[in-house]
file final-v5.tsv (TSV, C-alpha atoms)
chain	number	residue	atom	x	y	z
A	1	MET	CA	-8.86	-24.04	-3.46
A	2	ASN	CA	-9.26	-22.73	0.05
A	3	ARG	CA	-7.83	-19.28	0.60
A	4	SER	CA	-4.85	-19.53	2.91
A	5	ILE	CA	-5.62	-16.29	4.73
A	6	HIS	CA	-9.38	-16.13	4.37
A	7	HIS	CA	-9.78	-15.97	8.15
A	8	LEU	CA	-7.90	-12.64	8.23
A	9	ARG	CA	-10.76	-10.66	6.60
A	10	THR	CA	-11.48	-8.54	9.67
A	11	TRP	CA	-8.09	-7.39	10.95
A	12	PRO	CA	-7.13	-5.23	7.90
A	13	LEU	CA	-10.42	-3.32	8.23
A	14	ALA	CA	-9.79	-2.77	11.94
A	15	ALA	CA	-6.27	-1.48	11.28
A	16	ILE	CA	-7.53	0.86	8.57
A	17	GLY	CA	-10.24	2.19	10.87
A	18	LEU	CA	-7.74	2.85	13.64
A	19	ALA	CA	-5.24	4.60	11.39
A	20	VAL	CA	-7.85	6.72	9.63
A	21	ALA	CA	-9.39	7.70	12.99
A	22	CYS	CA	-5.98	8.95	14.06
A	23	SER	CA	-5.64	10.96	10.86
A	24	VAL	CA	-9.02	12.62	11.40
A	25	SER	CA	-8.17	13.55	14.99
A	26	ALA	CA	-4.90	15.03	13.79
A	27	GLN	CA	-6.76	17.67	11.82
A	28	SER	CA	-7.55	19.56	15.06
A	29	GLU	CA	-4.02	19.32	16.50
A	30	PRO	CA	-1.71	22.36	16.40
A	31	PRO	CA	1.28	22.02	14.08
A	32	ARG	CA	4.05	19.93	15.54
A	33	SER	CA	7.63	21.05	15.64
A	34	ASP	CA	9.67	19.01	13.20
A	35	THR	CA	13.00	20.83	13.22
A	36	SER	CA	14.99	22.99	15.60
A	37	ILE	CA	17.75	25.49	14.92
A	38	THR	CA	20.15	27.38	17.18
A	39	VAL	CA	20.88	31.03	16.46
A	40	ALA	CA	23.05	33.63	18.22
A	41	GLN	CA	21.10	36.36	19.92
A	42	SER	CA	21.97	39.80	18.54
A	43	GLY	CA	24.43	41.66	20.77
A	44	SER	CA	25.48	38.65	22.84
A	45	GLY	CA	27.21	35.34	22.50
A	46	ALA	CA	24.41	33.47	24.24
A	47	PRO	CA	22.68	30.90	22.01
A	48	MET	CA	18.92	30.91	21.74
A	49	ASN	CA	16.96	27.78	20.82
A	50	GLU	CA	14.18	28.43	18.38
A	51	ARG	CA	11.54	25.83	17.64
A	52	ARG	CA	10.36	26.02	14.09
A	53	SER	CA	7.22	24.37	12.70
A	54	TYR	CA	5.90	24.25	9.17
A	55	ALA	CA	2.70	23.27	7.45
A	56	PRO	CA	2.50	20.21	5.17
A	57	GLY	CA	3.97	21.04	1.79
A	58	GLU	CA	6.94	23.03	3.14
A	59	GLY	CA	10.44	21.68	3.49
A	60	SER	CA	9.90	18.19	2.08
A	61	TYR	CA	9.50	16.91	-1.47
A	62	SER	CA	6.59	14.77	-2.69
A	63	VAL	CA	5.22	13.99	-6.16
A	64	ILE	CA	1.68	13.71	-4.78
A	65	PRO	CA	-0.11	17.10	-4.97
A	66	TYR	CA	-0.83	18.90	-1.66
A	67	THR	CA	1.41	16.52	0.31
A	68	SER	CA	4.88	16.68	1.82
A	69	HIS	CA	7.32	14.17	3.40
A	70	GLY	CA	7.24	12.03	0.27
A	71	TYR	CA	8.52	8.50	-0.08
A	72	VAL	CA	9.08	5.71	-2.60
A	73	GLY	CA	8.97	1.97	-2.03
A	74	ILE	CA	9.17	-1.48	-3.54
A	75	ASN	CA	7.51	-4.65	-2.19
A	76	ALA	CA	7.72	-8.29	-3.24
A	77	GLY	CA	5.72	-11.27	-2.01
A	78	ARG	CA	3.26	-13.99	-2.83
A	79	PRO	CA	-0.16	-13.71	-4.50
A	80	ASP	CA	-3.28	-15.66	-3.59
A	81	TYR	CA	-5.80	-15.94	-6.44
A	82	GLY	CA	-8.11	-18.27	-4.55
A	83	ASN	CA	-9.97	-20.53	-6.96
A	84	VAL	CA	-9.99	-18.09	-9.91
A	85	GLY	CA	-9.70	-20.11	-13.12
A	86	CYS	CA	-9.28	-23.49	-11.39
A	87	ALA	CA	-10.94	-26.52	-12.98
A	88	GLY	CA	-11.36	-30.17	-11.99
A	89	GLY	CA	-8.69	-32.51	-13.33
A	90	PHE	CA	-6.12	-29.72	-13.72
A	91	SER	CA	-3.47	-28.48	-11.32
A	92	CYS	CA	-4.03	-25.07	-9.71
A	93	SER	CA	-1.17	-23.22	-8.04
A	94	ASP	CA	-0.34	-19.51	-7.54
A	95	SER	CA	3.35	-20.06	-6.88
A	96	SER	CA	4.69	-16.95	-8.64
A	97	THR	CA	5.88	-13.65	-7.17
A	98	SER	CA	3.86	-10.45	-6.84
A	99	TYR	CA	5.46	-7.02	-6.55
A	100	SER	CA	4.56	-3.35	-6.30
A	101	LEU	CA	6.27	-0.02	-6.93
A	102	TYR	CA	4.79	3.04	-5.25
A	103	THR	CA	5.25	6.64	-4.17
A	104	GLY	CA	3.33	8.62	-1.58
A	105	GLY	CA	3.18	11.72	0.57
A	106	MET	CA	1.56	12.93	3.77
A	107	PHE	CA	-1.12	15.59	4.24
A	108	ASN	CA	-0.19	15.68	7.91
A	109	ARG	CA	1.46	13.43	10.48
A	110	TYR	CA	-1.22	10.75	10.22
A	111	PHE	CA	-2.90	10.98	6.85
A	112	GLY	CA	-1.58	10.71	3.28
A	113	ALA	CA	-2.04	9.38	-0.24
A	114	GLU	CA	-0.22	6.84	-2.36
A	115	LEU	CA	0.04	6.00	-6.08
A	116	GLY	CA	1.62	2.85	-7.45
A	117	TYR	CA	1.83	-0.05	-9.86
A	118	VAL	CA	1.04	-3.57	-8.68
A	119	ASN	CA	1.78	-6.81	-10.49
A	120	LEU	CA	-0.19	-9.68	-8.96
A	121	GLY	CA	1.91	-12.46	-10.44
A	122	LYS	CA	0.15	-15.42	-12.00
A	123	LEU	CA	-1.89	-18.51	-11.26
A	124	GLU	CA	-1.07	-21.75	-13.11
A	125	SER	CA	-4.44	-23.39	-13.67
A	126	ALA	CA	-6.75	-25.19	-16.11
A	127	GLY	CA	-3.89	-26.02	-18.45
A	128	GLY	CA	-2.99	-22.34	-18.80
A	129	LYS	CA	-2.38	-19.32	-16.64
A	130	THR	CA	-4.23	-16.40	-15.05
A	131	GLU	CA	-2.44	-13.12	-14.40
A	132	ALA	CA	-3.30	-9.55	-13.41
A	133	HIS	CA	-1.72	-6.15	-12.82
A	134	GLY	CA	-2.89	-2.58	-12.36
A	135	ILE	CA	-2.49	1.01	-11.16
A	136	ASN	CA	-3.50	1.67	-7.56
A	137	LEU	CA	-4.51	4.90	-5.81
A	138	SER	CA	-5.02	4.78	-2.04
A	139	LEU	CA	-5.59	6.97	0.99
A	140	VAL	CA	-3.19	6.02	3.77
A	141	GLY	CA	-3.67	6.24	7.53
A	142	ARG	CA	-0.48	6.05	9.59
A	143	LEU	CA	0.06	5.61	13.34
A	144	PRO	CA	3.69	6.31	14.40
A	145	LEU	CA	4.89	4.44	17.50
A	146	GLY	CA	8.54	5.37	17.80
A	147	VAL	CA	10.68	3.30	15.42
A	148	VAL	CA	7.58	1.27	14.51
A	149	HIS	CA	4.53	2.50	12.63
A	150	LEU	CA	1.22	0.90	11.74
A	151	PHE	CA	-0.61	1.79	8.56
A	152	GLY	CA	-3.81	1.05	6.69
A	153	LYS	CA	-4.83	1.72	3.10
A	154	VAL	CA	-8.12	1.98	1.27
A	155	GLY	CA	-8.51	2.93	-2.37
A	156	THR	CA	-9.13	1.82	-5.91
A	157	THR	CA	-7.24	-0.09	-8.59
A	158	TYR	CA	-7.57	-0.04	-12.35
A	159	GLY	CA	-6.76	-3.69	-12.98
A	160	ARG	CA	-6.21	-5.71	-16.15
A	161	SER	CA	-6.39	-9.51	-16.19
A	162	GLU	CA	-5.76	-12.19	-18.78
A	163	VAL	CA	-6.81	-15.85	-18.62
A	164	SER	CA	-5.62	-18.71	-20.83
A	165	ALA	CA	-6.71	-22.35	-20.41
A	166	SER	CA	-6.99	-25.71	-22.09
A	167	PRO	CA	-10.08	-26.06	-24.33
A	168	LEU	CA	-10.95	-29.16	-22.27
A	169	SER	CA	-11.18	-27.22	-19.01
A	170	GLY	CA	-14.36	-25.30	-19.80
A	171	VAL	CA	-12.77	-22.16	-18.31
A	172	ALA	CA	-13.55	-18.87	-20.11
A	173	THR	CA	-10.45	-17.24	-21.59
A	174	GLY	CA	-9.63	-13.68	-22.57
A	175	LYS	CA	-8.94	-10.24	-21.06
A	176	ALA	CA	-10.89	-8.00	-18.70
A	177	SER	CA	-10.24	-4.63	-17.08
A	178	GLY	CA	-11.86	-1.94	-14.94
A	179	TRP	CA	-11.84	0.03	-11.69
A	180	GLU	CA	-12.45	-1.89	-8.46
A	181	GLY	CA	-11.73	-1.43	-4.76
A	182	SER	CA	-8.65	-2.30	-2.72
A	183	TYR	CA	-7.51	-2.17	0.90
A	184	GLY	CA	-4.68	-3.34	3.06
A	185	ALA	CA	-2.69	-2.94	6.27
A	186	GLY	CA	0.82	-3.41	7.53
A	187	ILE	CA	3.63	-2.52	9.89
A	188	GLY	CA	6.88	-0.65	9.27
A	189	PHE	CA	10.21	-0.79	11.10
A	190	ASP	CA	12.48	2.26	10.79
A	191	LEU	CA	16.12	1.52	9.95
A	192	SER	CA	16.96	5.24	9.96
A	193	PRO	CA	15.04	8.54	9.77
A	194	ARG	CA	14.79	8.04	5.99
A	195	SER	CA	14.37	4.29	5.48
A	196	SER	CA	12.06	1.52	6.67
A	197	ILE	CA	11.34	-2.17	6.18
A	198	VAL	CA	7.61	-2.86	5.75
A	199	LEU	CA	5.47	-5.99	6.08
A	200	GLU	CA	2.18	-5.61	4.24
A	201	TRP	CA	-1.05	-7.43	3.34
A	202	ASN	CA	-3.34	-6.19	0.55
A	203	ARG	CA	-6.57	-7.27	-1.10
A	204	TYR	CA	-7.45	-6.20	-4.64
A	205	ASP	CA	-10.77	-6.71	-6.40
A	206	VAL	CA	-10.04	-7.66	-10.02
A	207	ARG	CA	-12.34	-8.38	-12.95
A	208	PHE	CA	-11.89	-11.69	-14.79
A	209	VAL	CA	-13.54	-12.76	-18.04
A	210	GLY	CA	-16.48	-15.09	-17.40
A	211	LEU	CA	-16.24	-14.58	-13.61
A	212	GLY	CA	-16.68	-10.87	-12.94
A	213	LYS	CA	-15.11	-9.41	-9.80
A	214	ARG	CA	-12.86	-11.67	-7.73
A	215	GLU	CA	-10.47	-11.05	-4.82
A	216	VAL	CA	-6.70	-11.40	-5.15
A	217	ASP	CA	-4.56	-11.11	-2.00
A	218	THR	CA	-0.86	-10.37	-1.62
A	219	THR	CA	1.43	-10.74	1.39
A	220	SER	CA	4.75	-8.95	0.94
A	221	ILE	CA	7.89	-7.46	2.44
A	222	GLY	CA	9.46	-4.28	1.13
A	223	TYR	CA	11.76	-1.29	1.50
A	224	MET	CA	10.61	2.34	1.75
A	225	HIS	CA	12.80	5.44	1.39
A	226	ARG	CA	11.65	8.90	2.51
A	227	PHE	CA	12.82	12.08	0.74
call {"tool": "encode", "arguments": {"input": "final-v5.tsv", "output": "structure tokens"}}
result
Amino acid sequence: MNRSIHHLRTWPLAAIGLAVACSVSAQSEPPRSDTSITVAQSGSGAPMNERRSYAPGEGSYSVIPYTSHGYVGINAGRPDYGNVGCAGGFSCSDSSTSYSLYTGGMFNRYFGAELGYVNLGKLESAGGKTEAHGINLSLVGRLPLGVVHLFGKVGTTYGRSEVSASPLSGVATGKASGWEGSYGAGIGFDLSPRSSIVLEWNRYDVRFVGLGKREVDTTSIGYMHRF
């Protein structure tokens, strides 16, 4: 089965490179002011504006160590297993739903980390089904552009897969697991200072019995809430 988005191999890498480059350049920037407060000057009624900046890790909660400005999110979409487990004479369709649950935090304005669970749905094939899920850890590069932000991810996933099939298909069946790479890219649209809608594409390398490492793609839409 031809991969429906095989021709999009290059744009996620370009987005990741752009976002990560921004995060690296941010290391040399002075701290930005994130909040402002107004106080009364001693001995007078005249207000004085004071700009107040803070380093990452102060003033915002995150469950990821050494990060601040934490967030949680949920995405749902469609998986693309390619031709994993497909066999001649049998139908082959990945028509199920994939989803992910994740939390993350930022080291600075442009660079962060993310931890989550991803369920890659299932592929109906060879008189049985192929399914996979795993735990993902990624570095995240983020480029804010007003109410819109671009982001890229690169990391690793501990995935587990299971394949069942008809004995007549000749397809190897069983379970496989292990650490493999992952990457992705997307765009977010801010609904408020604390919430966003995100559109995201990801590629996960997953081990399958009898096949070794294969690529599984997801295209999804989701909601993200910042603490």
call {"tool": "atom_distance", "arguments": {"input": "final-v5.tsv", "atom1": "atom CA of A:Ile221", "atom2": "atom CA of A:Gly178"}}
result
26.9 Å
call {"tool": "atom_distance", "arguments": {"input": "final-v5.tsv", "atom1": "atom CA of A:Gly184", "atom2": "atom CA of A:Gly152"}}
result
5.8 Å
call {"tool": "atom_distance", "arguments": {"input": "final-v5.tsv", "atom1": "atom CA of A:Ala185", "atom2": "atom CA of A:Asn202"}}
result
6.6 Å
call {"tool": "closest_residue", "arguments": {"input": "final-v5.tsv", "among": "A:Ile135, A:Val72, A:Leu120, A:Ala87", "to": "A:Gly159", "atoms": "all atoms listed in the file"}}
result
A:Ile135
call {"tool": "residues_around", "arguments": {"input": "final-v5.tsv", "residues": "stretch 166-173 of chain A", "least_positions_apart": "5", "cutoff": "9 Å", "atoms": "all atoms listed in the file", "output": "VMD selection string"}}
result
chain A and resid 85 to 90 126 to 128 208 to 211
call {"tool": "residues_near_point", "arguments": {"input": "final-v5.tsv", "point": "(0.5, -12.3, 0.4)", "cutoff": "9 Å", "atoms": "only C-alpha atoms", "output": "list in words"}}
result
Ile5, Gly77, Arg78, Pro79, Asp80, Ser98, Glu200, Trp201, Asn202, Arg203, Asp217, Thr218, Thr219 and Ser220 of chain A
call {"tool": "write_last_selection", "arguments": {"input": "final-v5.tsv", "atoms": "C-alpha atoms", "output": "PDB file, keeping the file's coordinate frame"}}
result
ATOM      1  CA  ILE A   5      -5.620 -16.290   4.730  1.00  0.00           C
ATOM      2  CA  GLY A  77       5.720 -11.270  -2.010  1.00  0.00           C
ATOM      3  CA  ARG A  78       3.260 -13.990  -2.830  1.00  0.00           C
ATOM      4  CA  PRO A  79      -0.160 -13.710  -4.500  1.00  0.00           C
ATOM      5  CA  ASP A  80      -3.280 -15.660  -3.590  1.00  0.00           C
ATOM      6  CA  SER A  98       3.860 -10.450  -6.840  1.00  0.00           C
ATOM      7  CA  GLU A 200       2.180  -5.610   4.240  1.00  0.00           C
ATOM      8  CA  TRP A 201      -1.050  -7.430   3.340  1.00  0.00           C
ATOM      9  CA  ASN A 202      -3.340  -6.190   0.550  1.00  0.00           C
ATOM     10  CA  ARG A 203      -6.570  -7.270  -1.100  1.00  0.00           C
ATOM     11  CA  ASP A 217      -4.560 -11.110  -2.000  1.00  0.00           C
ATOM     12  CA  THR A 218      -0.860 -10.370  -1.620  1.00  0.00           C
ATOM     13  CA  THR A 219       1.430 -10.740   1.390  1.00  0.00           C
ATOM     14  CA  SER A 220       4.750  -8.950   0.940  1.00  0.00           C
TER      15      SER A 220
END
call {"tool": "residues_near_point", "arguments": {"input": "final-v5.tsv", "point": "(-4.2, -20.2, -10.5)", "cutoff": "9 Å", "atoms": "only C-alpha atoms", "output": "mmCIF file with C-alpha atoms, in the frame of the given file"}}
result
data_model
loop_
_atom_site.group_PDB
_atom_site.id
_atom_site.type_symbol
_atom_site.label_atom_id
_atom_site.label_comp_id
_atom_site.auth_asym_id
_atom_site.auth_seq_id
_atom_site.Cartn_x
_atom_site.Cartn_y
_atom_site.Cartn_z
ATOM 1 C CA ASP A 80 -3.280 -15.660 -3.590
ATOM 2 C CA TYR A 81 -5.800 -15.940 -6.440
ATOM 3 C CA GLY A 82 -8.110 -18.270 -4.550
ATOM 4 C CA ASN A 83 -9.970 -20.530 -6.960
ATOM 5 C CA VAL A 84 -9.990 -18.090 -9.910
ATOM 6 C CA GLY A 85 -9.700 -20.110 -13.120
ATOM 7 C CA CYS A 86 -9.280 -23.490 -11.390
ATOM 8 C CA SER A 91 -3.470 -28.480 -11.320
ATOM 9 C CA CYS A 92 -4.030 -25.070 -9.710
ATOM 10 C CA SER A 93 -1.170 -23.220 -8.040
ATOM 11 C CA ASP A 94 -0.340 -19.510 -7.540
ATOM 12 C CA SER A 95 3.350 -20.060 -6.880
ATOM 13 C CA LYS A 122 0.150 -15.420 -12.000
ATOM 14 C CA LEU A 123 -1.890 -18.510 -11.260
ATOM 15 C CA GLU A 124 -1.070 -21.750 -13.110
ATOM 16 C CA SER A 125 -4.440 -23.390 -13.670
ATOM 17 C CA ALA A 126 -6.750 -25.190 -16.110
ATOM 18 C CA GLY A 128 -2.990 -22.340 -18.800
ATOM 19 C CA LYS A 129 -2.380 -19.320 -16.640
ATOM 20 C CA THR A 130 -4.230 -16.400 -15.050
ATOM 21 C CA GLU A 131 -2.440 -13.120 -14.400
#
call {"tool": "residues_around", "arguments": {"input": "final-v5.tsv", "residues": "A:Tyr71", "least_positions_apart": "2", "cutoff": "8 Å", "atoms": "all atoms listed in the file", "output": "list in words"}}
result
Ser62, His69, Gly73, Thr103, Gly104, Gly105, Met224, His225, Arg226 and Phe227 of chain A
call {"tool": "closest_residue", "arguments": {"input": "final-v5.tsv", "among": "A:Glu215, A:Glu114, A:Asp205, A:Asp190", "to": "A:Tyr158", "atoms": "only C-alpha atoms"}}
result
A:Asp205
call {"tool": "closest_residue", "arguments": {"input": "final-v5.tsv", "among": "A:Ala176, A:Leu150, A:Val118, A:Leu143", "to": "A:Tyr204", "atoms": "only C-alpha atoms"}}
result
A:Val118
call {"tool": "closest_residue", "arguments": {"input": "final-v5.tsv", "among": "A:Val140, A:Val148, A:Leu199, A:Ile187", "to": "A:Ala113", "atoms": "all atoms listed in the file"}}
result
A:Val140
call {"tool": "decode", "arguments": {"input": "final-v5.tsv", "residues": "stretch 166-178 of chain A", "atoms": "all heavy atoms", "output": "short mmCIF file (atom, residue, chain, number, x, y, z; two decimals), in the first residue's frame"}}
result
data_model
loop_
_atom_site.label_atom_id
_atom_site.label_comp_id
_atom_site.auth_asym_id
_atom_site.auth_seq_id
_atom_site.Cartn_x
_atom_site.Cartn_y
_atom_site.Cartn_z
N SER A 166 -4.08 -14.44 9.60
CA SER A 166 -4.54 -15.77 9.19
C SER A 166 -3.33 -16.66 8.91
O SER A 166 -2.34 -16.20 8.33
CB SER A 166 -5.39 -15.64 7.93
OG SER A 166 -5.61 -16.91 7.33
N PRO A 167 -3.39 -17.95 9.26
CA PRO A 167 -2.29 -18.87 8.95
C PRO A 167 -2.01 -18.96 7.45
O PRO A 167 -0.90 -19.32 7.04
CB PRO A 167 -2.77 -20.20 9.52
CG PRO A 167 -3.78 -19.84 10.57
CD PRO A 167 -4.45 -18.61 10.06
N LEU A 168 -3.00 -18.62 6.62
CA LEU A 168 -2.84 -18.70 5.18
C LEU A 168 -2.10 -17.49 4.60
O LEU A 168 -1.71 -17.52 3.42
CB LEU A 168 -4.21 -18.81 4.50
CG LEU A 168 -5.07 -20.02 4.92
CD1 LEU A 168 -6.42 -19.96 4.23
CD2 LEU A 168 -4.35 -21.32 4.59
N SER A 169 -1.91 -16.46 5.37
CA SER A 169 -1.31 -15.23 4.87
C SER A 169 0.20 -15.30 4.76
O SER A 169 0.81 -14.55 3.99
CB SER A 169 -1.69 -14.05 5.77
OG SER A 169 -1.08 -14.19 7.05
N GLY A 170 0.83 -16.15 5.55
CA GLY A 170 2.29 -16.20 5.58
C GLY A 170 2.93 -15.06 6.35
O GLY A 170 4.16 -14.93 6.34
N VAL A 171 2.12 -14.24 7.03
CA VAL A 171 2.63 -13.11 7.80
C VAL A 171 3.05 -13.58 9.19
O VAL A 171 2.30 -14.32 9.86
CB VAL A 171 1.57 -12.00 7.91
CG1 VAL A 171 2.01 -10.90 8.89
CG2 VAL A 171 1.28 -11.41 6.55
N ALA A 172 4.25 -13.18 9.64
CA ALA A 172 4.72 -13.54 10.98
C ALA A 172 3.84 -12.86 12.03
O ALA A 172 3.46 -11.70 11.88
CB ALA A 172 6.17 -13.12 11.15
N THR A 173 3.50 -13.58 13.09
CA THR A 173 2.67 -13.04 14.15
C THR A 173 3.42 -13.04 15.48
O THR A 173 4.37 -13.81 15.67
CB THR A 173 1.37 -13.84 14.29
OG1 THR A 173 1.69 -15.22 14.62
CG2 THR A 173 0.57 -13.82 12.99
N GLY A 174 2.98 -12.19 16.39
CA GLY A 174 3.61 -12.12 17.70
C GLY A 174 3.82 -10.69 18.14
O GLY A 174 3.30 -9.75 17.54
N LYS A 175 4.62 -10.52 19.20
CA LYS A 175 4.86 -9.20 19.80
C LYS A 175 6.33 -8.80 19.64
O LYS A 175 7.21 -9.66 19.56
CB LYS A 175 4.49 -9.21 21.28
CG LYS A 175 3.03 -9.56 21.55
CD LYS A 175 2.75 -9.59 23.04
CE LYS A 175 1.30 -9.94 23.33
NZ LYS A 175 1.01 -9.98 24.78
N ALA A 176 6.56 -7.50 19.60
CA ALA A 176 7.92 -6.96 19.56
C ALA A 176 7.93 -5.64 20.30
O ALA A 176 6.90 -4.97 20.43
CB ALA A 176 8.39 -6.76 18.12
N SER A 177 9.09 -5.23 20.80
CA SER A 177 9.20 -3.98 21.53
C SER A 177 10.63 -3.46 21.48
O SER A 177 11.56 -4.21 21.12
CB SER A 177 8.77 -4.16 23.00
OG SER A 177 9.61 -5.10 23.65
N GLY A 178 10.82 -2.20 21.84
CA GLY A 178 12.16 -1.63 21.88
C GLY A 178 12.15 -0.13 21.65
O GLY A 178 11.13 0.46 21.28
#
